[in-house]
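Some notes on the structure that comes next.
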Amino acid sequence: MIIEQAAQSFYELGFDRTTVRDIAAAAGMTSGSIFYHFPTKEDLLAWVIREGLTLGHETAERALSGATTPVQRYHALFVGHLKALHDDRHIHKVSVQEWSRLGDEARVHLKQMNDRYRERWLNVLTDLSLQGVLKAEPEMVRRTLIASLNWTLHYKIEDLVDLPRLAIRMAAAGLNLSLSEFEICLQEEQASP
């Protein structure tokens, strides 16, 4: 309850403008109750971001289940990332927007979680490169794609109504393929034994 409310407040007001008193009032508790669990507002932010990263990993895992080929796994990462960003909770959004507010100690631990997500993307992109589907350097493509996905936080609401379609469109663009070319790649891989 505290984490969810803190995430919503940090997302709506920003970290600097949010007070622990604001979070406590919205959660129906006292500031002292929050400070009992989290000594500082920065500690609370670190927990929100930890939850956001955990949500991102869990959502990616669910999206990847059943995806066996490189193109399917690539597409699944888009689906998972967009779902984690645009579900009804604000936790993952805060982890994207407020990362720079973390202290050095919190970043060290959370960077390990973030690096696991980075590796997941790099593995899939490297497989696509080995397959000849990806022509560019996997790490540069990963950086570009993650930035593009995270930028969807600024999209108009009408552009986010059909996230599965947006995932396909963005995945196609990431490989410099037309939408129909990418859909053919997905179908061909699904038909392959």
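Labels for the structure tokens follow display order: chains A, B, ..., residues from 1 in each chain, ligands from 1.
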
Could you build a table of the residues in range 110-188 of chain A lying no more than 12 Å from range 56-79 of chain A, giving for each the nearest pair of atoms and their separation in Å rounded to one decimal place, using only C-alpha atoms, ordered by chain and ascending residue number, as a tab-separated table?
```
residue	atom	partner	partner_atom	distance
A:Met113	CA	A:His57	CA	8.6
A:Asn114	CA	A:His57	CA	9.1
A:Asp115	CA	A:His57	CA	11.0
A:Arg116	CA	A:His57	CA	8.5
A:Tyr117	CA	A:His57	CA	6.7
A:Arg118	CA	A:His57	CA	10.5
A:Glu119	CA	A:His57	CA	11.5
A:Arg120	CA	A:Leu77	CA	8.8
A:Trp121	CA	A:Leu77	CA	7.4
A:Leu122	CA	A:Tyr74	CA	10.1
A:Asn123	CA	A:Pro70	CA	9.3
A:Val124	CA	A:Tyr74	CA	6.1
A:Leu125	CA	A:Tyr74	CA	7.2
A:Thr126	CA	A:Pro70	CA	9.1
A:Asp127	CA	A:Pro70	CA	6.0
A:Leu128	CA	A:Pro70	CA	5.8
A:Ser129	CA	A:Pro70	CA	9.5
A:Leu130	CA	A:Pro70	CA	9.8
A:Gln131	CA	A:Pro70	CA	8.2
A:Gly132	CA	A:Pro70	CA	10.9
A:Val133	CA	A:Val71	CA	8.5
A:Leu134	CA	A:Val71	CA	10.0
A:Pro138	CA	A:Tyr74	CA	11.9
A:Val141	CA	A:Tyr74	CA	11.9
A:Arg142	CA	A:Tyr74	CA	10.8
A:Leu145	CA	A:Phe78	CA	8.9
A:Ile146	CA	A:Phe78	CA	9.1
A:Ala147	CA	A:Phe78	CA	12.0
A:Ser148	CA	A:Phe78	CA	10.5
A:Leu149	CA	A:Phe78	CA	7.7
A:Asn150	CA	A:Phe78	CA	10.8
A:Thr152	CA	A:Phe78	CA	11.7
A:Asp162	CA	A:Val79	CA	10.9
A:Leu163	CA	A:Val79	CA	7.4
A:Pro164	CA	A:Val79	CA	6.3
A:Arg165	CA	A:Val79	CA	9.1
A:Leu166	CA	A:Val79	CA	8.5
A:Ala167	CA	A:Phe78	CA	5.3
A:Ile168	CA	A:His75	CA	6.7
A:Arg169	CA	A:Phe78	CA	9.7
A:Met170	CA	A:Phe78	CA	7.6
A:Ala171	CA	A:His75	CA	6.0
A:Ala172	CA	A:His75	CA	8.7
A:Ala173	CA	A:His75	CA	11.3
A:Gly174	CA	A:Tyr74	CA	9.9
A:Leu175	CA	A:Tyr74	CA	10.0
A:Glu181	CA	A:Val71	CA	11.9
A:Phe182	CA	A:Val71	CA	8.8
A:Glu183	CA	A:Val71	CA	10.0
A:Ile184	CA	A:Val71	CA	10.6
A:Cys185	CA	A:Val71	CA	7.2
A:Leu186	CA	A:Gln72	CA	6.3
A:Gln187	CA	A:Gln72	CA	9.4
A:Glu188	CA	A:Val71	CA	9.9
```

Resulting file, chosen residues, C-alpha atoms, as a compact mmCIF listing (two decimals), in the first residue's frame:
```
# COMPACT_ATOMS: atom_id res chain seq x y z
CA MET A 113 18.76 -5.77 -11.29
CA ASN A 114 18.84 -3.36 -14.21
CA ASP A 115 21.84 -5.16 -15.70
CA ARG A 116 19.90 -8.45 -15.75
CA TYR A 117 17.24 -6.77 -17.88
CA ARG A 118 19.94 -5.32 -20.13
CA GLU A 119 21.44 -8.79 -20.58
CA ARG A 120 18.06 -10.25 -21.50
CA TRP A 121 17.72 -7.72 -24.31
CA LEU A 122 21.32 -8.15 -25.43
CA ASN A 123 20.96 -11.94 -25.63
CA VAL A 124 17.90 -11.64 -27.86
CA LEU A 125 19.47 -8.96 -30.05
CA THR A 126 22.69 -10.96 -30.36
CA ASP A 127 20.66 -13.98 -31.49
CA LEU A 128 18.99 -11.79 -34.12
CA SER A 129 22.40 -10.54 -35.22
CA LEU A 130 23.74 -14.10 -35.54
CA GLN A 131 20.64 -14.99 -37.53
CA GLY A 132 21.33 -12.07 -39.91
CA VAL A 133 18.07 -10.28 -39.07
CA LEU A 134 19.75 -7.49 -37.10
CA PRO A 138 23.22 -5.10 -30.54
CA VAL A 141 20.17 -1.08 -30.81
CA ARG A 142 19.26 -2.01 -27.21
CA LEU A 145 14.99 0.64 -28.37
CA ILE A 146 14.78 1.02 -24.58
CA ALA A 147 14.85 4.81 -24.93
CA SER A 148 12.09 4.62 -27.55
CA LEU A 149 9.98 2.32 -25.42
CA ASN A 150 10.42 4.50 -22.35
CA THR A 152 6.01 6.10 -24.84
CA ASP A 162 -3.73 -0.90 -28.58
CA LEU A 163 -0.43 -1.84 -26.91
CA PRO A 164 -0.07 -5.18 -28.77
CA ARG A 165 -0.26 -3.32 -32.08
CA LEU A 166 2.17 -0.67 -30.86
CA ALA A 167 4.58 -3.45 -29.82
CA ILE A 168 4.52 -4.94 -33.33
CA ARG A 169 4.97 -1.53 -34.97
CA MET A 170 7.91 -0.62 -32.72
CA ALA A 171 9.52 -4.05 -33.10
CA ALA A 172 9.29 -3.77 -36.90
CA ALA A 173 10.81 -0.28 -36.84
CA GLY A 174 13.65 -1.53 -34.60
CA LEU A 175 14.68 -3.97 -37.33
CA GLU A 181 7.69 -7.75 -43.42
CA PHE A 182 7.93 -8.13 -39.65
CA GLU A 183 4.59 -9.94 -39.44
CA ILE A 184 5.81 -12.33 -42.14
CA CYS A 185 8.99 -12.99 -40.10
CA LEU A 186 6.85 -13.80 -37.06
CA GLN A 187 4.57 -16.09 -39.08
CA GLU A 188 7.48 -17.89 -40.75
```

**Residues near Asp16 in chain A, cut-off 10 Å, only C-alpha atoms, skip fewer than 5 positions along chain, as a PyMOL selection string** = chain A and resi 10+41+98+101

**Prompt:** Please, which residues of range 45-103 of chain A, numbered as in this document, come out helix (DSSP H, G or I) from DSSP, as a ChimeraX atom specification?
**Reply:** /A:45-64,70-86,91-97,99-101

Mind writing the picked residues with N, CA and C atoms as a tab-separated table (two decimals), in the first residue's frame?
```
chain	number	residue	atom	x	y	z
A	45	LEU	N	11.88	5.90	-2.22
A	45	LEU	CA	12.05	5.91	-3.68
A	45	LEU	C	12.81	4.68	-4.15
A	46	ALA	N	13.86	4.31	-3.43
A	46	ALA	CA	14.63	3.12	-3.81
A	46	ALA	C	13.76	1.88	-3.81
A	47	TRP	N	12.87	1.76	-2.83
A	47	TRP	CA	11.96	0.61	-2.79
A	47	TRP	C	10.96	0.65	-3.93
A	48	VAL	N	10.48	1.84	-4.27
A	48	VAL	CA	9.56	1.96	-5.41
A	48	VAL	C	10.27	1.52	-6.68
A	49	ILE	N	11.49	1.98	-6.87
A	49	ILE	CA	12.23	1.61	-8.08
A	49	ILE	C	12.56	0.12	-8.08
A	50	ARG	N	12.90	-0.43	-6.94
A	50	ARG	CA	13.14	-1.87	-6.84
A	50	ARG	C	11.89	-2.64	-7.28
A	51	GLU	N	10.74	-2.19	-6.82
A	51	GLU	CA	9.48	-2.84	-7.22
A	51	GLU	C	9.23	-2.67	-8.71
A	52	GLY	N	9.57	-1.50	-9.25
A	52	GLY	CA	9.41	-1.28	-10.69
A	52	GLY	C	10.29	-2.20	-11.51
A	53	LEU	N	11.53	-2.37	-11.08
A	53	LEU	CA	12.43	-3.28	-11.79
A	53	LEU	C	11.96	-4.72	-11.68
A	54	THR	N	11.48	-5.09	-10.50
A	54	THR	CA	10.94	-6.44	-10.30
A	54	THR	C	9.74	-6.65	-11.21
A	55	LEU	N	8.85	-5.68	-11.27
A	55	LEU	CA	7.69	-5.76	-12.15
A	55	LEU	C	8.13	-5.91	-13.61
A	56	GLY	N	9.14	-5.14	-14.01
A	56	GLY	CA	9.64	-5.24	-15.37
A	56	GLY	C	10.17	-6.62	-15.69
A	57	HIS	N	10.93	-7.21	-14.76
A	57	HIS	CA	11.45	-8.56	-14.96
A	57	HIS	C	10.31	-9.59	-15.04
A	58	GLU	N	9.36	-9.49	-14.14
A	58	GLU	CA	8.25	-10.45	-14.13
A	58	GLU	C	7.41	-10.33	-15.39
A	59	THR	N	7.15	-9.13	-15.82
A	59	THR	CA	6.35	-8.92	-17.03
A	59	THR	C	7.09	-9.43	-18.26
A	60	ALA	N	8.40	-9.20	-18.31
A	60	ALA	CA	9.20	-9.72	-19.43
A	60	ALA	C	9.18	-11.24	-19.44
A	61	GLU	N	9.32	-11.85	-18.27
A	61	GLU	CA	9.29	-13.32	-18.19
A	61	GLU	C	7.96	-13.87	-18.70
A	62	ARG	N	6.87	-13.27	-18.28
A	62	ARG	CA	5.55	-13.74	-18.76
A	62	ARG	C	5.43	-13.58	-20.27
A	63	ALA	N	5.89	-12.45	-20.78
A	63	ALA	CA	5.80	-12.21	-22.22
A	63	ALA	C	6.68	-13.19	-23.00
A	64	LEU	N	7.82	-13.55	-22.43
A	64	LEU	CA	8.76	-14.45	-23.11
A	64	LEU	C	8.34	-15.92	-23.05
A	70	PRO	N	14.20	-16.37	-32.06
A	70	PRO	CA	14.73	-15.03	-31.82
A	70	PRO	C	13.73	-13.91	-32.13
A	71	VAL	N	13.03	-13.99	-33.24
A	71	VAL	CA	12.08	-12.92	-33.59
A	71	VAL	C	10.91	-12.92	-32.63
A	72	GLN	N	10.43	-14.09	-32.23
A	72	GLN	CA	9.35	-14.15	-31.25
A	72	GLN	C	9.79	-13.56	-29.92
A	73	ARG	N	11.00	-13.89	-29.49
A	73	ARG	CA	11.50	-13.37	-28.21
A	73	ARG	C	11.71	-11.86	-28.29
A	74	TYR	N	12.19	-11.39	-29.41
A	74	TYR	CA	12.37	-9.95	-29.64
A	74	TYR	C	11.02	-9.23	-29.51
A	75	HIS	N	10.04	-9.74	-30.20
A	75	HIS	CA	8.70	-9.15	-30.14
A	75	HIS	C	8.14	-9.21	-28.72
A	76	ALA	N	8.35	-10.31	-28.03
A	76	ALA	CA	7.85	-10.48	-26.66
A	76	ALA	C	8.46	-9.44	-25.71
A	77	LEU	N	9.71	-9.07	-25.93
A	77	LEU	CA	10.32	-8.05	-25.08
A	77	LEU	C	9.62	-6.70	-25.24
A	78	PHE	N	9.20	-6.38	-26.44
A	78	PHE	CA	8.43	-5.15	-26.66
A	78	PHE	C	7.09	-5.22	-25.94
A	79	VAL	N	6.41	-6.34	-26.09
A	79	VAL	CA	5.11	-6.53	-25.44
A	79	VAL	C	5.27	-6.37	-23.92
A	80	GLY	N	6.26	-7.05	-23.35
A	80	GLY	CA	6.47	-7.00	-21.91
A	80	GLY	C	6.84	-5.62	-21.41
A	81	HIS	N	7.71	-4.94	-22.12
A	81	HIS	CA	8.15	-3.61	-21.69
A	81	HIS	C	6.98	-2.63	-21.72
A	82	LEU	N	6.23	-2.65	-22.80
A	82	LEU	CA	5.08	-1.74	-22.90
A	82	LEU	C	4.04	-2.05	-21.83
A	83	LYS	N	3.80	-3.32	-21.58
A	83	LYS	CA	2.83	-3.70	-20.55
A	83	LYS	C	3.29	-3.22	-19.18
A	84	ALA	N	4.56	-3.42	-18.86
A	84	ALA	CA	5.07	-2.98	-17.56
A	84	ALA	C	4.96	-1.46	-17.42
A	85	LEU	N	5.24	-0.74	-18.48
A	85	LEU	CA	5.17	0.73	-18.42
A	85	LEU	C	3.75	1.26	-18.32
A	86	HIS	N	2.82	0.60	-18.99
A	86	HIS	CA	1.49	1.19	-19.15
A	86	HIS	C	0.38	0.44	-18.43
A	91	ILE	N	4.42	2.18	-10.68
A	91	ILE	CA	5.71	1.77	-10.14
A	91	ILE	C	6.81	1.76	-11.20
A	92	HIS	N	6.57	1.12	-12.32
A	92	HIS	CA	7.61	1.03	-13.34
A	92	HIS	C	7.89	2.39	-13.96
A	93	LYS	N	6.87	3.22	-14.08
A	93	LYS	CA	7.06	4.56	-14.64
A	93	LYS	C	8.02	5.37	-13.77
A	94	VAL	N	7.87	5.24	-12.46
A	94	VAL	CA	8.75	5.97	-11.55
A	94	VAL	C	10.18	5.48	-11.69
A	95	SER	N	10.35	4.17	-11.87
A	95	SER	CA	11.72	3.65	-12.01
A	95	SER	C	12.39	4.22	-13.25
A	96	VAL	N	11.63	4.53	-14.28
A	96	VAL	CA	12.19	5.14	-15.49
A	96	VAL	C	12.47	6.62	-15.26
A	97	GLN	N	11.51	7.31	-14.65
A	97	GLN	CA	11.61	8.77	-14.55
A	97	GLN	C	12.48	9.29	-13.41
A	99	TRP	N	15.11	7.58	-11.71
A	99	TRP	CA	16.36	6.86	-11.46
A	99	TRP	C	17.48	7.82	-11.03
A	100	SER	N	17.54	8.97	-11.64
A	100	SER	CA	18.64	9.91	-11.35
A	100	SER	C	18.58	10.45	-9.92
A	101	ARG	N	17.46	10.30	-9.24
A	101	ARG	CA	17.31	10.79	-7.87
A	101	ARG	C	17.91	9.84	-6.83
```

**Prompt:** For the atom pair CA of Glu137 in chain A and CA of Leu160 in chain A, what is the interatomic distance in Å to one decimal place?
**Reply:**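 Between CA of Glu137 in chain A and CA of Leu160 in chain A the gap is 28.8 Å.
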
**Asked** Please, what distance in Å, to one decimal, runs between CA of Asp43 in chain A and CA of Gly103 in chain A?
**Response**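 According to the coordinates, CA of Asp43 in chain A and CA of Gly103 in chain A are separated by 9.0 Å.
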
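Of note, CA of Ala106 in chain A and CA of Thr40 in chain A are spaced 12.4 Å apart.
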
**Message:** Taking only C-alpha atoms into account, name the residue in A:Asn176, A:Arg89, A:Ser9, A:Glu139 that is nearest to Arg21 in chain A.
**Reply:** A:Ser9

**Pick from A:Ile2, A:Leu102, A:Leu44, A:Val161, whichever lies nearest to Ala25 in chain A using only C-alpha atoms** = A:Ile2
